Structure formats: C-alpha cells, structure tokens
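Chemist: Please find data13.cif (mmCIF, C-alpha atoms) on the next line:
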data_start
loop_
_atom_site.label_atom_id
_atom_site.label_comp_id
_atom_site.auth_asym_id
_atom_site.auth_seq_id
_atom_site.Cartn_x
_atom_site.Cartn_y
_atom_site.Cartn_z
CA MET A 1386 0.00 0.00 0.00
CA LYS A 1387 2.87 2.36 0.73
CA ILE A 1388 4.03 2.27 -2.92
CA VAL A 1389 0.53 3.27 -4.08
CA LYS A 1390 0.59 6.27 -1.74
CA ARG A 1391 4.04 7.26 -3.00
CA ILE A 1392 2.99 7.01 -6.65
CA SER A 1393 -0.16 8.99 -5.87
CA LEU A 1394 1.86 11.70 -4.13
CA ASP A 1395 4.29 11.86 -7.08
CA ALA A 1396 1.33 12.15 -9.46
CA LEU A 1397 -0.15 14.96 -7.38
CA LEU A 1398 3.17 16.82 -7.29
CA LEU A 1399 3.55 16.29 -11.05
CA ALA A 1400 0.08 17.76 -11.56
CA PHE A 1401 1.04 20.82 -9.49
CA ALA A 1402 4.25 21.24 -11.49
CA LEU A 1403 2.33 20.94 -14.76
CA VAL A 1404 -0.29 23.47 -13.72
CA LEU A 1405 2.39 25.94 -12.61
CA SER A 1406 4.39 25.42 -15.81
CA LEU A 1407 1.44 25.76 -18.14
CA ALA A 1408 -0.08 28.70 -16.26
CA GLU A 1409 3.26 30.47 -16.35
CA SER A 1410 3.70 29.94 -20.07
CA LEU A 1411 0.12 31.05 -20.81
CA TYR A 1412 -0.42 33.91 -18.39
CA MET A 1413 2.94 35.31 -17.34
CA PRO A 1414 5.04 37.28 -19.78
CA SER A 1415 8.71 36.47 -20.23
CA LEU A 1416 11.07 38.25 -17.85
CA PHE A 1417 12.69 40.92 -20.06
CA ILE A 1418 14.00 38.38 -22.60
CA PRO A 1419 11.82 36.14 -24.78
CA GLY A 1420 11.61 32.65 -23.31
CA VAL A 1421 12.97 33.60 -19.87
CA LYS A 1422 10.46 32.70 -17.19
CA LEU A 1423 10.30 32.66 -13.40
CA GLY A 1424 10.29 28.86 -13.23
CA LEU A 1425 7.34 28.31 -10.90
CA ALA A 1426 7.42 24.53 -11.41
CA ASN A 1427 10.78 24.51 -9.65
CA ILE A 1428 8.94 25.17 -6.40
CA VAL A 1429 7.51 21.67 -6.70
CA ILE A 1430 10.85 20.14 -7.69
CA LEU A 1431 12.77 21.77 -4.85
CA PHE A 1432 10.02 20.82 -2.39
CA THR A 1433 10.13 17.24 -3.68
CA ILE A 1434 13.87 16.78 -3.20
CA TYR A 1435 13.58 18.14 0.34
CA ILE A 1436 10.60 16.03 1.37
CA LEU A 1437 10.86 12.89 -0.74
CA LYS A 1438 13.82 11.41 -2.63
CA PHE A 1439 15.90 12.23 -5.66
CA TYR A 1440 14.06 9.57 -7.65
CA ASP A 1441 10.73 11.33 -7.11
CA GLY A 1442 12.18 14.68 -8.20
CA PHE A 1443 13.78 13.06 -11.25
CA ILE A 1444 10.56 11.41 -12.40
CA ILE A 1445 8.49 14.56 -11.86
CA THR A 1446 11.07 16.72 -13.67
CA ILE A 1447 11.44 14.49 -16.74
CA VAL A 1448 7.73 13.75 -17.13
CA ARG A 1449 6.87 17.44 -16.68
CA VAL A 1450 9.29 18.50 -19.42
CA PHE A 1451 7.90 15.87 -21.79
CA ILE A 1452 4.25 16.73 -21.14
CA VAL A 1453 4.72 20.51 -21.34
CA SER A 1454 6.71 20.10 -24.57
CA LEU A 1455 4.03 17.84 -26.01
CA LEU A 1456 1.28 20.28 -25.11
CA SER A 1457 3.19 23.29 -26.45
CA GLY A 1458 4.09 21.49 -29.67
CA ASN A 1459 7.87 21.70 -29.39
CA ILE A 1460 8.64 18.09 -28.53
CA PHE A 1461 12.13 17.07 -29.71
CA GLN A 1462 12.90 20.57 -30.94
CA MET A 1463 15.53 22.92 -29.58
CA GLY A 1464 13.24 24.31 -26.84
CA PHE A 1465 12.52 20.80 -25.60
CA PHE A 1466 16.20 19.93 -25.29
CA MET A 1467 16.92 23.29 -23.66
CA SER A 1468 14.24 22.56 -21.05
CA LEU A 1469 15.36 18.99 -20.57
CA LEU A 1470 19.05 19.69 -20.03
CA GLY A 1471 18.32 22.80 -17.95
CA ALA A 1472 15.87 20.94 -15.72
CA PHE A 1473 18.22 17.97 -15.36
CA LEU A 1474 21.27 20.08 -14.43
CA SER A 1475 19.14 22.11 -12.04
CA LEU A 1476 17.78 19.00 -10.35
CA ILE A 1477 21.19 17.35 -10.01
CA SER A 1478 22.85 20.47 -8.62
CA MET A 1479 20.08 21.18 -6.12
CA PHE A 1480 19.99 17.57 -4.98
CA LEU A 1481 23.77 17.36 -4.50
CA LEU A 1482 23.90 20.67 -2.62
CA LYS A 1483 21.04 19.57 -0.40
CA LEU A 1484 22.63 16.16 0.16
CA PHE A 1485 26.09 17.39 1.10
CA PHE A 1486 25.49 20.91 2.44
CA GLN A 1487 21.92 21.02 3.75
CA LYS A 1488 23.04 22.17 7.20
CA LYS A 1489 25.21 24.98 5.77
CA LEU A 1490 23.20 26.19 2.78
CA SER A 1491 19.71 27.64 2.80
CA VAL A 1492 16.96 26.47 0.48
CA ILE A 1493 17.13 29.93 -1.11
CA PHE A 1494 20.82 29.54 -2.00
CA ILE A 1495 20.21 26.03 -3.34
CA SER A 1496 17.35 27.39 -5.44
CA ILE A 1497 19.57 30.13 -6.86
CA ILE A 1498 22.24 27.61 -7.86
CA GLY A 1499 19.56 25.40 -9.42
CA SER A 1500 18.29 28.36 -11.40
CA LEU A 1501 21.78 29.22 -12.63
CA MET A 1502 22.37 25.61 -13.65
CA HIS A 1503 19.08 25.60 -15.53
CA VAL A 1504 20.04 28.55 -17.70
CA SER A 1505 23.52 27.11 -18.15
CA GLY A 1506 21.97 23.96 -19.59
CA GLN A 1507 19.82 26.05 -21.90
CA ILE A 1508 22.86 28.00 -23.13
CA ILE A 1509 24.74 24.75 -23.80
CA ILE A 1510 21.91 23.45 -25.99
CA ALA A 1511 21.62 26.80 -27.79
CA LEU A 1512 25.36 26.70 -28.50
CA ILE A 1513 25.07 23.17 -29.90
CA TYR A 1514 22.01 23.90 -32.03
CA LEU A 1515 22.92 27.34 -33.31
CA GLU A 1516 26.68 26.78 -33.56
CA ASN A 1517 27.24 30.41 -32.72
CA ILE A 1518 29.39 31.50 -29.79
CA ALA A 1519 27.66 34.89 -29.76
CA ILE A 1520 24.96 33.18 -27.66
CA LEU A 1521 27.34 33.54 -24.72
CA TYR A 1522 26.79 37.30 -24.75
CA TYR A 1523 23.28 36.65 -23.42
CA TYR A 1524 24.53 34.57 -20.51
CA PRO A 1525 25.37 37.41 -18.07
CA LEU A 1526 21.94 39.01 -18.49
CA ILE A 1527 20.14 35.68 -18.26
CA ALA A 1528 22.26 34.75 -15.23
CA ILE A 1529 21.24 37.94 -13.41
CA ILE A 1530 17.57 37.28 -14.12
CA SER A 1531 18.15 33.69 -13.04
CA LEU A 1532 19.59 34.86 -9.71
CA LEU A 1533 16.45 36.88 -9.08
CA SER A 1534 14.05 34.11 -10.09
CA GLY A 1535 15.99 31.53 -8.04
CA PHE A 1536 15.75 33.84 -5.06
CA VAL A 1537 11.96 34.21 -5.43
CA ILE A 1538 11.45 30.46 -5.94
CA GLY A 1539 13.66 29.76 -2.91
CA ILE A 1540 11.64 32.09 -0.69
CA VAL A 1541 8.34 30.51 -1.73
CA THR A 1542 9.73 26.99 -1.26
CA ARG A 1543 11.11 27.88 2.17
CA LYS A 1544 7.68 29.16 3.20
CA ILE A 1545 6.08 25.89 2.09
CA LEU A 1546 8.75 23.78 3.80
CA ASN A 1547 8.19 25.73 7.02
CA ASN A 1548 4.51 24.74 7.06
CA GLN A 1549 4.75 22.09 9.78
CA ASN A 1550 1.18 20.87 9.31
CA LEU A 1551 1.76 20.13 5.63
CA ILE A 1552 5.10 18.43 6.26
CA ALA A 1553 3.68 16.30 9.11
CA TYR A 1554 0.76 15.26 6.88
CA LEU A 1555 3.07 14.27 4.02
CA HIS A 1556 5.31 12.27 6.34
CA ARG A 1557 2.29 10.33 7.55
CA LEU A 1558 1.44 9.54 3.93
CA ILE A 1559 4.87 8.23 2.98
#
Can the structure from this file be put into structure tokens for me?
Modeler:
Amino acid sequence: MKIVKRISLDALLLAFALVLSLAESLYMPSLFIPGVKLGLANIVILFTIYILKFYDGFIITIVRVFIVSLLSGNIFQMGFFMSLLGAFLSLISMFLLKLFFQKKLSVIFISIIGSLMHVSGQIIIALIYLENIAILYYYPLIAIISLLSGFVIGIVTRKILNNQNLIAYLHRLI
C-alpha cells in the first residue's frame, strides 16, 4: 500500500508542477527576454527533493518536461532539449547541494544555484544547435535574471517547507 501512496503523491506533485508550468507559459510574460520565465514549477521540484527522494524529483522533472513540450508542440525541438538539459542540471545540482550541504546552505541559495544551472543547460543546448558562440553574450543578463528568479522560488519553497502541518501530513502519507 505504501508504494501506491508514494505514486499517488508523485502524481499529485507532477500535476502541481504541470499546472504551474502551463499557467506560467500562458499567463505570465517572459522576464525581459523572450523565453525567460520565473520557473514556478521549480517550487515543486525543490520541495520534492527536500521532502521525498531524488528519484521522485527526477521522475516529476522528466515527465513534466515531456508533457509541457508535447502540449506546447515543441517536442524534440531545440526548446525541448533546452528545457530537458536545464531541468536535469538544475535537479542534479540542487539535490547534490542539499545532500552534502543542507546544514550549511539555505533552500534559497540552493534554489539560486539550481536556477543558474538551468540557464547554463539552456545555453549549452543553444550553443550546440545554433553553432554560434555569440549566444554567450546573453549569458550574463540571463544569469542575473536567473539569480532573481531563483531567489523568489527559494523564498516561496522555504515558506512551504516551514509549514509544519503540511510536512507532518506528508510524512504520515509516505
């Protein structure tokens, strides 16, 4: 029965991540640069790696990228691979920082690093696809915006993680 609860919780978190991702792409304008977004779905991912396990965050991240890309019509195009590598690098970096430095680093700092890794992954894919090093000129601006969005996502995630009633309820479920 425990595995059914875990799968159900992962599905619920995936649904939250999808809603945040799709709502952001439909209703929130890009942050100063086309395609640059706040990254609201990362609230769910960061929350997941703090409360559950890496595996849960990995599954939610990968499935979310695939579903959002399918729904937006850019599956297996450059935007899909930018999202996929960015999300993967972000997830790995946040998980490793949490694993090794959780006592020393705040969730806000870990979120900021995850955000920076996400845009780094996107730049890598853009460099590969476009074969133009001039893409690197965008990196400092995108990195600054990424710092700000990582900070905001970190604050929201910290607020959620500090909700003791929610955390106690989730621990009873899993």
Chemist: Check which residues satisfy the PyMOL selection byres ((chain A and resi 1459-1468) around 12) in the file shown, then give them as a PyMOL selection string.
Modeler: chain A and resi 1406+1420-1422+1424+1426+1446-1458+1469-1476+1500+1502-1515
Chemist: How would the residues just picked look written out with C-alpha atoms as a CSV table (one decimal), in the frame of the given file?
Modeler:
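Result went into out39.csv, see below:
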chain,number,residue,atom,x,y,z
A,1406,SER,CA,4.4,25.4,-15.8
A,1420,GLY,CA,11.6,32.6,-23.3
A,1421,VAL,CA,13.0,33.6,-19.9
A,1422,LYS,CA,10.5,32.7,-17.2
A,1424,GLY,CA,10.3,28.9,-13.2
A,1426,ALA,CA,7.4,24.5,-11.4
A,1446,THR,CA,11.1,16.7,-13.7
A,1447,ILE,CA,11.4,14.5,-16.7
A,1448,VAL,CA,7.7,13.8,-17.1
A,1449,ARG,CA,6.9,17.4,-16.7
A,1450,VAL,CA,9.3,18.5,-19.4
A,1451,PHE,CA,7.9,15.9,-21.8
A,1452,ILE,CA,4.2,16.7,-21.1
A,1453,VAL,CA,4.7,20.5,-21.3
A,1454,SER,CA,6.7,20.1,-24.6
A,1455,LEU,CA,4.0,17.8,-26.0
A,1456,LEU,CA,1.3,20.3,-25.1
A,1457,SER,CA,3.2,23.3,-26.4
A,1458,GLY,CA,4.1,21.5,-29.7
A,1469,LEU,CA,15.4,19.0,-20.6
A,1470,LEU,CA,19.0,19.7,-20.0
A,1471,GLY,CA,18.3,22.8,-18.0
A,1472,ALA,CA,15.9,20.9,-15.7
A,1473,PHE,CA,18.2,18.0,-15.4
A,1474,LEU,CA,21.3,20.1,-14.4
A,1475,SER,CA,19.1,22.1,-12.0
A,1476,LEU,CA,17.8,19.0,-10.4
A,1500,SER,CA,18.3,28.4,-11.4
A,1502,MET,CA,22.4,25.6,-13.6
A,1503,HIS,CA,19.1,25.6,-15.5
A,1504,VAL,CA,20.0,28.6,-17.7
A,1505,SER,CA,23.5,27.1,-18.2
A,1506,GLY,CA,22.0,24.0,-19.6
A,1507,GLN,CA,19.8,26.0,-21.9
A,1508,ILE,CA,22.9,28.0,-23.1
A,1509,ILE,CA,24.7,24.8,-23.8
A,1510,ILE,CA,21.9,23.4,-26.0
A,1511,ALA,CA,21.6,26.8,-27.8
A,1512,LEU,CA,25.4,26.7,-28.5
A,1513,ILE,CA,25.1,23.2,-29.9
A,1514,TYR,CA,22.0,23.9,-32.0
A,1515,LEU,CA,22.9,27.3,-33.3
Chemist: Mind telling me what the PyMOL selection byres ((chain A and resi 1391-1393) around 12) catches here, as a ChimeraX atom specification?
Modeler: /A:1386-1390,1394-1400,1433,1436-1438,1440-1441,1444-1445,1555-1559
Chemist: Write the residues of the selection above to a file with C-alpha atoms, as a JSON list (two decimals), keeping the file's coordinate frame.
Modeler:
[["chain", "number", "residue", "atom", "x", "y", "z"],
["A", 1386, "MET", "CA", 0.00, 0.00, 0.00],
["A", 1387, "LYS", "CA", 2.87, 2.36, 0.73],
["A", 1388, "ILE", "CA", 4.03, 2.27, -2.92],
["A", 1389, "VAL", "CA", 0.53, 3.27, -4.08],
["A", 1390, "LYS", "CA", 0.59, 6.27, -1.74],
["A", 1394, "LEU", "CA", 1.86, 11.70, -4.13],
["A", 1395, "ASP", "CA", 4.29, 11.86, -7.08],
["A", 1396, "ALA", "CA", 1.33, 12.15, -9.46],
["A", 1397, "LEU", "CA", -0.15, 14.96, -7.38],
["A", 1398, "LEU", "CA", 3.17, 16.82, -7.29],
["A", 1399, "LEU", "CA", 3.55, 16.29, -11.05],
["A", 1400, "ALA", "CA", 0.08, 17.76, -11.56],
["A", 1433, "THR", "CA", 10.13, 17.24, -3.68],
["A", 1436, "ILE", "CA", 10.60, 16.03, 1.37],
["A", 1437, "LEU", "CA", 10.86, 12.89, -0.74],
["A", 1438, "LYS", "CA", 13.82, 11.41, -2.63],
["A", 1440, "TYR", "CA", 14.06, 9.57, -7.65],
["A", 1441, "ASP", "CA", 10.73, 11.33, -7.11],
["A", 1444, "ILE", "CA", 10.56, 11.41, -12.40],
["A", 1445, "ILE", "CA", 8.49, 14.56, -11.86],
["A", 1555, "LEU", "CA", 3.07, 14.27, 4.02],
["A", 1556, "HIS", "CA", 5.31, 12.27, 6.34],
["A", 1557, "ARG", "CA", 2.29, 10.33, 7.55],
["A", 1558, "LEU", "CA", 1.44, 9.54, 3.93],
["A", 1559, "ILE", "CA", 4.87, 8.23, 2.98]]
Chemist: Could you tell me how far atom CA of Asn1547 of chain A lies from atom CA of Met1479 of chain A, in Å and to one decimal?
Modeler: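 Interatomic distance, atom CA of Asn1547 of chain A to atom CA of Met1479 of chain A: 18.3 Å.
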Chemist: Atom CA of Ile1428 of chain A to atom CA of Lys1489 of chain A: how many Å, to one decimal?
Modeler: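 Result for atom CA of Ile1428 of chain A versus atom CA of Lys1489 of chain A: 20.3 Å, one decimal.
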Chemist: Counting all atoms listed in the file, which residue out of A:Leu1423, A:Ile1552, A:Ile1518, A:Val1429 sits closest to Ile1497 of chain A?
Modeler: A:Leu1423
Chemist: Using Å and a single decimal, report how far atom CA of Leu1501 of chain A sits from atom CA of Ile1529 of chain A.
Modeler: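 According to the coordinates, atom CA of Ile1529 of chain A and atom CA of Leu1501 of chain A are separated by 8.8 Å.
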Chemist: To verify the selection step, state as a ChimeraX atom specification which residues the PyMOL selection byres ((chain A and resi 1492-1495) around 10) yields on this input.
Modeler: /A:1431-1432,1435,1475,1478-1483,1486-1487,1489-1491,1496-1501,1532,1535-1543,1546
Chemist: Work out where the centre of an axis-aligned box around every listed atom of segment 1514-1533 of chain A lies and how long its edges are once 6 Å is added on each side; give both in Å to one decimal as JSON.
Modeler:
{"center_x": 22.9, "center_y": 31.5, "center_z": -21.3, "size_x": 24.9, "size_y": 27.1, "size_z": 36.5}
Chemist: Can you spit out segment 1404-1460 of chain A with C-alpha atoms, as a PDB file, in the first residue's frame, from the structure just given?
Modeler:
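Output (result-v1.pdb):
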ATOM      1  CA  VAL A1404      -0.288  23.474 -13.719  1.00  0.00           C
ATOM      2  CA  LEU A1405       2.394  25.942 -12.610  1.00  0.00           C
ATOM      3  CA  SER A1406       4.394  25.416 -15.808  1.00  0.00           C
ATOM      4  CA  LEU A1407       1.440  25.756 -18.137  1.00  0.00           C
ATOM      5  CA  ALA A1408      -0.078  28.699 -16.264  1.00  0.00           C
ATOM      6  CA  GLU A1409       3.262  30.470 -16.345  1.00  0.00           C
ATOM      7  CA  SER A1410       3.699  29.943 -20.068  1.00  0.00           C
ATOM      8  CA  LEU A1411       0.123  31.049 -20.808  1.00  0.00           C
ATOM      9  CA  TYR A1412      -0.420  33.911 -18.386  1.00  0.00           C
ATOM     10  CA  MET A1413       2.943  35.314 -17.337  1.00  0.00           C
ATOM     11  CA  PRO A1414       5.045  37.278 -19.783  1.00  0.00           C
ATOM     12  CA  SER A1415       8.712  36.471 -20.235  1.00  0.00           C
ATOM     13  CA  LEU A1416      11.070  38.249 -17.853  1.00  0.00           C
ATOM     14  CA  PHE A1417      12.691  40.922 -20.060  1.00  0.00           C
ATOM     15  CA  ILE A1418      13.998  38.379 -22.596  1.00  0.00           C
ATOM     16  CA  PRO A1419      11.816  36.135 -24.780  1.00  0.00           C
ATOM     17  CA  GLY A1420      11.607  32.647 -23.308  1.00  0.00           C
ATOM     18  CA  VAL A1421      12.967  33.600 -19.871  1.00  0.00           C
ATOM     19  CA  LYS A1422      10.464  32.704 -17.194  1.00  0.00           C
ATOM     20  CA  LEU A1423      10.304  32.661 -13.401  1.00  0.00           C
ATOM     21  CA  GLY A1424      10.291  28.860 -13.225  1.00  0.00           C
ATOM     22  CA  LEU A1425       7.343  28.309 -10.896  1.00  0.00           C
ATOM     23  CA  ALA A1426       7.420  24.531 -11.411  1.00  0.00           C
ATOM     24  CA  ASN A1427      10.784  24.507  -9.652  1.00  0.00           C
ATOM     25  CA  ILE A1428       8.941  25.170  -6.397  1.00  0.00           C
ATOM     26  CA  VAL A1429       7.511  21.670  -6.700  1.00  0.00           C
ATOM     27  CA  ILE A1430      10.853  20.141  -7.688  1.00  0.00           C
ATOM     28  CA  LEU A1431      12.767  21.775  -4.847  1.00  0.00           C
ATOM     29  CA  PHE A1432      10.023  20.820  -2.395  1.00  0.00           C
ATOM     30  CA  THR A1433      10.133  17.235  -3.683  1.00  0.00           C
ATOM     31  CA  ILE A1434      13.872  16.780  -3.204  1.00  0.00           C
ATOM     32  CA  TYR A1435      13.582  18.141   0.335  1.00  0.00           C
ATOM     33  CA  ILE A1436      10.596  16.027   1.372  1.00  0.00           C
ATOM     34  CA  LEU A1437      10.862  12.886  -0.744  1.00  0.00           C
ATOM     35  CA  LYS A1438      13.816  11.411  -2.629  1.00  0.00           C
ATOM     36  CA  PHE A1439      15.903  12.226  -5.658  1.00  0.00           C
ATOM     37  CA  TYR A1440      14.064   9.574  -7.655  1.00  0.00           C
ATOM     38  CA  ASP A1441      10.733  11.335  -7.115  1.00  0.00           C
ATOM     39  CA  GLY A1442      12.176  14.683  -8.198  1.00  0.00           C
ATOM     40  CA  PHE A1443      13.777  13.065 -11.246  1.00  0.00           C
ATOM     41  CA  ILE A1444      10.561  11.413 -12.404  1.00  0.00           C
ATOM     42  CA  ILE A1445       8.491  14.564 -11.856  1.00  0.00           C
ATOM     43  CA  THR A1446      11.070  16.716 -13.668  1.00  0.00           C
ATOM     44  CA  ILE A1447      11.438  14.491 -16.736  1.00  0.00           C
ATOM     45  CA  VAL A1448       7.727  13.746 -17.133  1.00  0.00           C
ATOM     46  CA  ARG A1449       6.865  17.441 -16.684  1.00  0.00           C
ATOM     47  CA  VAL A1450       9.292  18.497 -19.423  1.00  0.00           C
ATOM     48  CA  PHE A1451       7.904  15.875 -21.795  1.00  0.00           C
ATOM     49  CA  ILE A1452       4.246  16.731 -21.143  1.00  0.00           C
ATOM     50  CA  VAL A1453       4.723  20.510 -21.344  1.00  0.00           C
ATOM     51  CA  SER A1454       6.710  20.098 -24.569  1.00  0.00           C
ATOM     52  CA  LEU A1455       4.035  17.842 -26.005  1.00  0.00           C
ATOM     53  CA  LEU A1456       1.281  20.285 -25.111  1.00  0.00           C
ATOM     54  CA  SER A1457       3.194  23.288 -26.452  1.00  0.00           C
ATOM     55  CA  GLY A1458       4.091  21.494 -29.674  1.00  0.00           C
ATOM     56  CA  ASN A1459       7.873  21.700 -29.391  1.00  0.00           C
ATOM     57  CA  ILE A1460       8.645  18.090 -28.528  1.00  0.00           C
TER      58      ILE A1460
END
